>>> print(open('target24.cif').read())   # mmCIF, C-alpha atoms
data_upload
#
loop_
_atom_site.label_atom_id
_atom_site.label_comp_id
_atom_site.auth_asym_id
_atom_site.auth_seq_id
_atom_site.Cartn_x
_atom_site.Cartn_y
_atom_site.Cartn_z
CA ASP W 1 15.39 -2.66 13.49
CA LYS W 2 17.62 -5.50 12.36
CA ASN W 3 14.60 -7.84 12.21
CA THR W 4 12.71 -5.68 9.72
CA ASP W 5 11.85 -7.46 6.47
CA ILE W 6 10.64 -4.48 4.46
CA VAL W 7 10.02 -0.75 5.10
CA ASP W 8 7.43 1.54 3.53
CA ILE W 9 8.99 5.00 3.29
CA ARG W 10 6.24 7.61 3.12
CA LEU W 11 7.18 10.77 1.28
CA ASP W 12 3.77 12.50 1.39
CA ASN W 13 4.55 14.88 4.23
CA ILE W 14 7.67 16.35 2.65
CA ALA W 15 7.11 19.77 1.06
CA VAL W 16 10.12 19.56 -1.30
CA ILE W 17 11.62 16.22 -2.26
CA ASP W 18 15.31 16.49 -3.18
CA ILE W 19 15.80 13.50 -5.49
CA LYS W 20 19.61 13.57 -5.15
CA LEU W 21 19.41 13.55 -1.36
CA LEU W 22 16.75 10.84 -1.48
CA SER W 23 18.98 8.71 -3.73
CA THR W 24 21.92 9.08 -1.33
CA THR W 25 19.75 8.22 1.65
CA LEU W 26 18.23 5.17 -0.05
CA SER W 27 21.67 3.82 -0.93
CA LYS W 28 22.31 3.36 2.82
CA ILE W 29 19.19 1.24 3.45
CA LYS W 30 20.02 -2.43 3.88
CA VAL W 31 16.51 -3.93 3.69
CA PRO W 32 14.01 -3.89 0.81
CA TYR W 33 11.88 -0.76 0.83
CA ILE W 34 8.76 0.70 -0.71
CA LEU W 35 8.52 4.36 -1.70
CA SER W 36 5.02 5.81 -1.30
CA LEU W 37 3.75 9.28 -2.17
CA ARG W 38 0.02 9.47 -1.58
CA SER W 39 -2.04 11.97 -3.47
CA GLU W 40 -3.55 14.93 -1.70
CA TRP W 41 -7.10 13.71 -2.31
CA LEU W 42 -6.58 10.56 -0.25
CA ASN W 43 -5.68 12.13 3.08
CA LYS W 44 -6.43 15.56 4.55
CA GLU W 45 -3.19 15.46 6.58
CA ILE W 46 -0.89 15.45 3.54
CA ILE W 47 1.01 18.63 2.83
CA PRO W 48 0.97 19.05 -0.97
CA PRO W 49 4.49 18.97 -2.44
CA VAL W 50 5.78 22.06 -4.22
CA GLU W 51 6.47 20.04 -7.38
CA GLY W 52 3.79 18.15 -9.21
CA ARG W 53 3.17 14.70 -7.76
CA ALA W 54 3.37 12.90 -11.12
CA THR W 55 6.77 14.49 -11.81
CA ILE W 56 8.04 13.44 -8.40
CA LEU W 57 6.80 9.88 -8.94
CA ARG W 58 8.54 9.74 -12.34
CA ASN W 59 11.79 10.85 -10.69
CA ILE W 60 11.33 8.29 -7.90
CA ILE W 61 10.75 5.50 -10.44
CA GLN W 62 14.00 6.51 -12.20
CA LEU W 63 15.89 5.80 -8.94
CA ARG W 64 15.00 2.11 -9.45
CA PRO W 65 13.84 1.37 -5.91
CA PRO W 66 12.65 -2.17 -5.15
CA TYR W 67 8.97 -1.07 -4.90
CA VAL W 68 6.92 2.06 -5.61
CA THR W 69 3.29 2.45 -4.58
CA ILE W 70 1.02 4.06 -7.15
CA GLU W 71 -2.68 4.81 -6.78
CA TYR W 72 -5.47 3.35 -8.85
CA PRO W 73 -6.77 4.88 -11.11
CA LEU W 74 -4.87 8.17 -10.78
CA ASP W 75 -1.35 6.88 -11.44
CA MET W 76 -2.01 4.15 -14.00
CA PRO W 77 -0.33 6.11 -16.86
CA LEU W 78 2.93 5.74 -14.89
CA LEU W 79 2.91 1.94 -15.21
CA LYS W 80 4.64 2.17 -18.60
CA GLU W 81 7.52 4.09 -16.99
CA PHE W 82 8.57 1.36 -14.55
CA ASN W 83 12.00 -0.15 -15.14
CA SER W 84 12.90 -3.76 -14.62
CA GLY W 85 13.86 -4.27 -11.01
CA THR W 86 11.21 -1.90 -9.65
CA ILE W 87 7.89 -3.51 -8.80
CA PRO W 88 4.78 -1.33 -8.87
CA ILE W 89 2.34 -1.72 -5.99
CA ILE W 90 -1.06 -0.73 -7.35
CA SER W 91 -3.01 0.65 -4.41
CA LEU W 92 -6.79 0.91 -4.07
CA THR W 93 -7.99 2.61 -0.90
CA ASP W 94 -11.32 3.36 0.76
CA PHE W 95 -10.91 4.95 4.19
CA GLU W 96 -14.65 4.94 4.88
CA GLY W 97 -15.89 1.60 3.60
CA MET W 98 -15.65 -0.74 0.65
CA ALA W 99 -17.66 0.95 -2.12
CA LYS W 100 -14.77 2.87 -3.69
CA ILE W 101 -12.78 -0.30 -4.41
CA ALA W 102 -13.02 -1.10 -8.12
CA PHE W 103 -11.98 -4.70 -7.62
CA ASN W 104 -13.00 -6.14 -11.01
CA SER W 105 -11.26 -3.33 -12.88
CA ALA W 106 -8.14 -3.86 -10.79
CA LEU W 107 -8.17 -7.60 -11.56
CA ALA W 108 -8.31 -6.86 -15.28
CA LEU W 109 -5.38 -4.46 -14.93
CA MET W 110 -3.35 -7.01 -12.98
CA GLU W 111 -3.64 -9.45 -15.88
CA LYS W 112 -1.86 -6.85 -18.05
CA TYR W 113 0.83 -6.22 -15.40
CA PRO W 114 1.55 -9.59 -13.75
CA GLU W 115 4.78 -8.29 -12.18
CA ALA W 116 2.81 -5.73 -10.14
CA ILE W 117 1.39 -6.25 -6.67
CA LEU W 118 -2.24 -5.40 -5.94
CA LYS W 119 -2.75 -3.63 -2.61
CA ILE W 120 -6.27 -3.05 -1.32
CA SER W 121 -6.94 -1.16 1.90
CA SER W 122 -10.59 -0.75 2.82
CA THR W 123 -12.64 -0.26 5.96
CA PRO W 124 -15.01 -3.12 6.70
CA ASN W 125 -18.02 -1.93 8.67
CA ASN W 126 -19.82 -5.26 9.11
CA VAL W 127 -19.35 -9.00 8.71
CA ASN W 128 -20.46 -8.89 5.05
CA ASP W 129 -17.62 -6.44 4.34
CA LEU W 130 -15.16 -8.86 5.94
CA LEU W 131 -16.54 -11.65 3.76
CA THR W 132 -16.00 -9.42 0.72
CA ILE W 133 -12.34 -9.01 1.69
CA TRP W 134 -12.01 -12.80 1.88
CA ARG W 135 -13.71 -13.14 -1.55
CA TRP W 136 -11.27 -10.63 -3.03
CA ALA W 137 -8.31 -12.54 -1.60
CA LYS W 138 -9.71 -15.86 -2.86
CA ALA W 139 -10.11 -14.42 -6.37
CA CYS W 140 -6.51 -13.12 -6.31
CA ASN W 141 -5.19 -16.44 -5.03
CA LYS W 142 -7.10 -18.34 -7.73
CA LYS W 143 -5.67 -16.09 -10.48
CA GLU W 144 -2.21 -16.15 -8.85
CA ILE W 145 -2.18 -12.37 -8.47
CA LYS W 146 0.37 -11.13 -5.96
CA HIS W 147 -1.57 -9.11 -3.42
CA ILE W 148 -1.94 -7.46 -0.06
CA ILE W 149 -5.57 -7.06 0.99
CA LEU W 150 -6.08 -5.37 4.34
CA GLY W 151 -8.90 -3.99 6.40
CA MET W 152 -8.60 -0.73 8.33
CA GLY W 153 -10.36 0.24 11.52
CA ILE W 154 -11.49 -2.00 14.36
CA MET W 155 -13.10 -4.68 12.19
CA GLY W 156 -10.14 -4.62 9.83
CA ARG W 157 -7.75 -5.81 12.53
CA LEU W 158 -8.79 -9.38 11.80
CA THR W 159 -7.32 -9.13 8.29
CA ARG W 160 -3.91 -8.30 9.74
CA ILE W 161 -4.03 -11.27 12.10
CA LYS W 162 -5.19 -13.52 9.25
CA SER W 163 -2.86 -11.99 6.66
CA LYS W 164 -1.27 -15.31 5.69
CA GLU W 165 -4.69 -16.95 5.40
CA LEU W 166 -5.63 -14.23 2.90
CA GLY W 167 -2.51 -15.04 0.89
CA ASN W 168 -0.98 -11.60 1.46
CA LEU W 169 2.69 -11.13 0.56
CA TRP W 170 3.12 -9.06 3.72
CA THR W 171 1.11 -6.90 6.09
CA TYR W 172 1.52 -3.32 7.25
CA ALA W 173 1.93 -1.85 10.72
CA ARG W 174 2.87 1.63 11.87
CA TYR W 175 5.48 1.96 14.56
CA ASP W 176 4.86 5.65 15.28
CA LYS W 177 1.18 5.59 16.17
CA ILE W 178 -0.54 4.06 19.15
CA TYR W 179 -3.84 2.48 18.21
CA GLU W 180 -6.62 2.02 20.71
CA GLU W 181 -6.49 -1.70 21.25
CA PRO W 182 -9.17 -3.42 23.33
CA PRO W 183 -7.99 -3.89 26.92
CA ILE W 184 -6.69 -7.32 27.87
CA ASP W 185 -8.43 -8.93 30.83
CA ARG W 186 -5.48 -10.33 32.79
CA LYS W 187 -7.78 -11.93 35.39
CA SER W 188 -9.18 -14.60 33.07
#
>>> encode(input="target24.cif", output="structure tokens")
Amino acid sequence: DKNTDIVDIRLDNIAVIDIKLLSTTLSKIKVPYILSLRSEWLNKEIIPPVEGRATILRNIIQLRPPYVTIEYPLDMPLLKEFNSGTIPIISLTDFEGMAKIAFNSALALMEKYPEAILKISSTPNNVNDLLTIWRWAKACNKKEIKHIILGMGIMGRLTRIKSKELGNLWTYARYDKIYEEPPIDRKS
């Protein structure tokens, strides 16, 4: 779409990633893009690549894309391999709740890598969880840490609507999946 500001290109469902072909394809993209290769342990739907994931990520980083998503803590050794011009997006994810997010550790890491972007995706299950998301965003804003902090699931929708209020650089949406949105009452 000509109105797209940025695209997250997910590589996790590709069994064999041909780096030469990927490089040629990326050279044709006219908008900024993020390359993401989630680890197998994050999502049951991912088909494990034939090559080792760390090797693939190293090769992807060498292509010098605008952004590459890496997972905390698994991929932190790769931070030293980033070239100027490629911004790491350090991703913390908890598909089931909030407990797996090591926020304080991530903040400490961000102080060492101020060029990176902190991305947190968690699933708030109650109002207190939503308040925690707002506290995380406030702490990032106070320390001037570039971030994207999003909630998943039904309660998490609010964080996407209030993305600017949270100080997020951008928000994420999938164009290929229909989510069950609450019905709109057109009578009122």
>>> closest_residue(input="target24.cif", among="W:Thr55, W:Asn104, W:Gln62, W:Thr123", to="Gly85 in chain W", atoms="only C-alpha atoms")
W:Gln62
>>> closest_atom_pairs(input="target24.cif", of="range 39-135 of chain W", to="range 23-29 of chain W", cutoff="10 Å", atoms="all atoms listed in the file", output="Markdown table")
| residue | atom | partner | partner_atom | distance |
| --- | --- | --- | --- | --- |
| W:Ile60 | CA | W:Ser23 | CA | 8.7 |
| W:Leu63 | CA | W:Ser23 | CA | 6.7 |
| W:Arg64 | CA | W:Ser23 | CA | 9.6 |
| W:Pro65 | CA | W:Leu26 | CA | 8.2 |
>>> resolve_selection(input="target24.cif", expression="the PyMOL selection byres ((chain W and resi 3-11) around 10)", output="ChimeraX atom specification")
/W:1-2,12-17,22,26,29-38,46,49,67-69,170-174
>>> resolve_selection(input="target24.cif", expression="the PyMOL selection byres ((chain W and resi 126-142) around 10)", output="MDAnalysis selection string")
chainID W and resid 97:99 103:104 107 110 118 120:125 143:151 155:156 158:159 163 165:168
>>> closest_residue(input="target24.cif", among="W:Ser105, W:Lys162, W:Gly153, W:Ile61", to="Pro88 in chain W", atoms="all atoms listed in the file")
W:Ile61
>>> atom_distance(input="target24.cif", atom1="CA of Ser39 in chain W", atom2="CA of Ile161 in chain W")
28.0 Å
>>> closest_residue(input="target24.cif", among="W:Arg157, W:Ile90, W:Asp18, W:Leu79", to="Ile117 in chain W", atoms="all atoms listed in the file")
W:Ile90
>>> axis_aligned_box(input="target24.cif", around="range 121-134 of chain W", padding_each_side="3 Å", output="AutoDock Vina command-line options")
--center_x -13.7 --center_y -6.5 --center_z 4.9 --size_x 19.5 --size_y 18.5 --size_z 14.4
>>> resolve_selection(input="target24.cif", expression="the PyMOL selection byres ((chain W and resi 75) around 10)", output="PDB file with C-alpha atoms, in the frame of the given file")
ATOM      1  CA  SER W  39      -2.040  11.970  -3.470  1.00  0.00           C
ATOM      2  CA  ARG W  53       3.170  14.700  -7.760  1.00  0.00           C
ATOM      3  CA  ALA W  54       3.370  12.900 -11.120  1.00  0.00           C
ATOM      4  CA  LEU W  57       6.800   9.880  -8.940  1.00  0.00           C
ATOM      5  CA  THR W  69       3.290   2.450  -4.580  1.00  0.00           C
ATOM      6  CA  ILE W  70       1.020   4.060  -7.150  1.00  0.00           C
ATOM      7  CA  GLU W  71      -2.680   4.810  -6.780  1.00  0.00           C
ATOM      8  CA  TYR W  72      -5.470   3.350  -8.850  1.00  0.00           C
ATOM      9  CA  PRO W  73      -6.770   4.880 -11.110  1.00  0.00           C
ATOM     10  CA  LEU W  74      -4.870   8.170 -10.780  1.00  0.00           C
ATOM     11  CA  MET W  76      -2.010   4.150 -14.000  1.00  0.00           C
ATOM     12  CA  PRO W  77      -0.330   6.110 -16.860  1.00  0.00           C
ATOM     13  CA  LEU W  78       2.930   5.740 -14.890  1.00  0.00           C
ATOM     14  CA  LEU W  79       2.910   1.940 -15.210  1.00  0.00           C
ATOM     15  CA  ILE W  90      -1.060  -0.730  -7.350  1.00  0.00           C
ATOM     16  CA  SER W  91      -3.010   0.650  -4.410  1.00  0.00           C
TER      17      SER W  91
END
>>> atom_distance(input="target24.cif", atom1="CA of Glu81 in chain W", atom2="CA of Leu169 in chain W")
23.7 Å
>>> atom_distance(input="target24.cif", atom1="CA of Glu51 in chain W", atom2="CA of Lys20 in chain W")
14.8 Å
>>> decode(input="target24.cif", residues="range 129-154 of chain W", atoms="N, CA and C atoms", output="compact mmCIF listing (two decimals), in the first residue's frame")
# COMPACT_ATOMS: atom_id res chain seq x y z
N ASP W 129 -2.79 -5.13 35.06
CA ASP W 129 -1.82 -5.40 33.98
C ASP W 129 -1.74 -4.21 33.02
N LEU W 130 -2.89 -3.62 32.71
CA LEU W 130 -2.89 -2.44 31.85
C LEU W 130 -2.13 -1.30 32.51
N LEU W 131 -2.32 -1.12 33.81
CA LEU W 131 -1.59 -0.08 34.53
C LEU W 131 -0.08 -0.35 34.50
N THR W 132 0.31 -1.60 34.55
CA THR W 132 1.73 -1.96 34.45
C THR W 132 2.29 -1.54 33.10
N ILE W 133 1.53 -1.77 32.04
CA ILE W 133 1.97 -1.36 30.70
C ILE W 133 2.19 0.16 30.68
N TRP W 134 1.27 0.90 31.27
CA TRP W 134 1.42 2.36 31.32
C TRP W 134 2.63 2.76 32.15
N ARG W 135 2.91 2.04 33.24
CA ARG W 135 4.11 2.33 34.06
C ARG W 135 5.39 2.06 33.26
N TRP W 136 5.39 0.97 32.51
CA TRP W 136 6.56 0.66 31.68
C TRP W 136 6.79 1.79 30.67
N ALA W 137 5.73 2.22 30.01
CA ALA W 137 5.86 3.28 29.01
C ALA W 137 6.35 4.58 29.66
N LYS W 138 5.81 4.89 30.84
CA LYS W 138 6.22 6.11 31.55
C LYS W 138 7.71 6.06 31.89
N ALA W 139 8.17 4.90 32.35
CA ALA W 139 9.59 4.74 32.68
C ALA W 139 10.46 4.91 31.43
N CYS W 140 10.03 4.35 30.31
CA CYS W 140 10.79 4.51 29.06
C CYS W 140 10.79 5.96 28.61
N ASN W 141 9.65 6.62 28.69
CA ASN W 141 9.57 8.02 28.30
C ASN W 141 10.48 8.89 29.17
N LYS W 142 10.48 8.61 30.46
CA LYS W 142 11.30 9.39 31.40
C LYS W 142 12.80 9.23 31.08
N LYS W 143 13.20 8.01 30.72
CA LYS W 143 14.61 7.74 30.42
C LYS W 143 14.95 7.98 28.94
N GLU W 144 13.95 8.45 28.18
CA GLU W 144 14.11 8.71 26.75
C GLU W 144 14.56 7.47 25.98
N ILE W 145 13.97 6.35 26.33
CA ILE W 145 14.24 5.09 25.63
C ILE W 145 13.20 4.94 24.52
N LYS W 146 13.69 4.76 23.30
CA LYS W 146 12.79 4.54 22.17
C LYS W 146 12.09 3.20 22.39
N HIS W 147 10.77 3.19 22.24
CA HIS W 147 10.04 1.97 22.59
C HIS W 147 8.73 1.81 21.82
N ILE W 148 8.28 0.56 21.87
CA ILE W 148 6.96 0.16 21.41
C ILE W 148 6.47 -0.80 22.47
N ILE W 149 5.45 -0.42 23.21
CA ILE W 149 4.92 -1.28 24.27
C ILE W 149 3.45 -1.53 23.95
N LEU W 150 3.14 -2.80 23.67
CA LEU W 150 1.81 -3.16 23.21
C LEU W 150 1.22 -4.29 24.03
N GLY W 151 -0.10 -4.27 24.14
CA GLY W 151 -0.82 -5.36 24.75
C GLY W 151 -1.44 -6.23 23.66
N MET W 152 -1.50 -7.52 23.93
CA MET W 152 -2.15 -8.46 23.01
C MET W 152 -3.48 -8.87 23.62
N GLY W 153 -4.30 -9.52 22.83
CA GLY W 153 -5.59 -10.00 23.32
C GLY W 153 -6.61 -8.87 23.42
N ILE W 154 -7.77 -9.22 23.94
CA ILE W 154 -8.88 -8.27 24.01
C ILE W 154 -8.53 -7.04 24.84
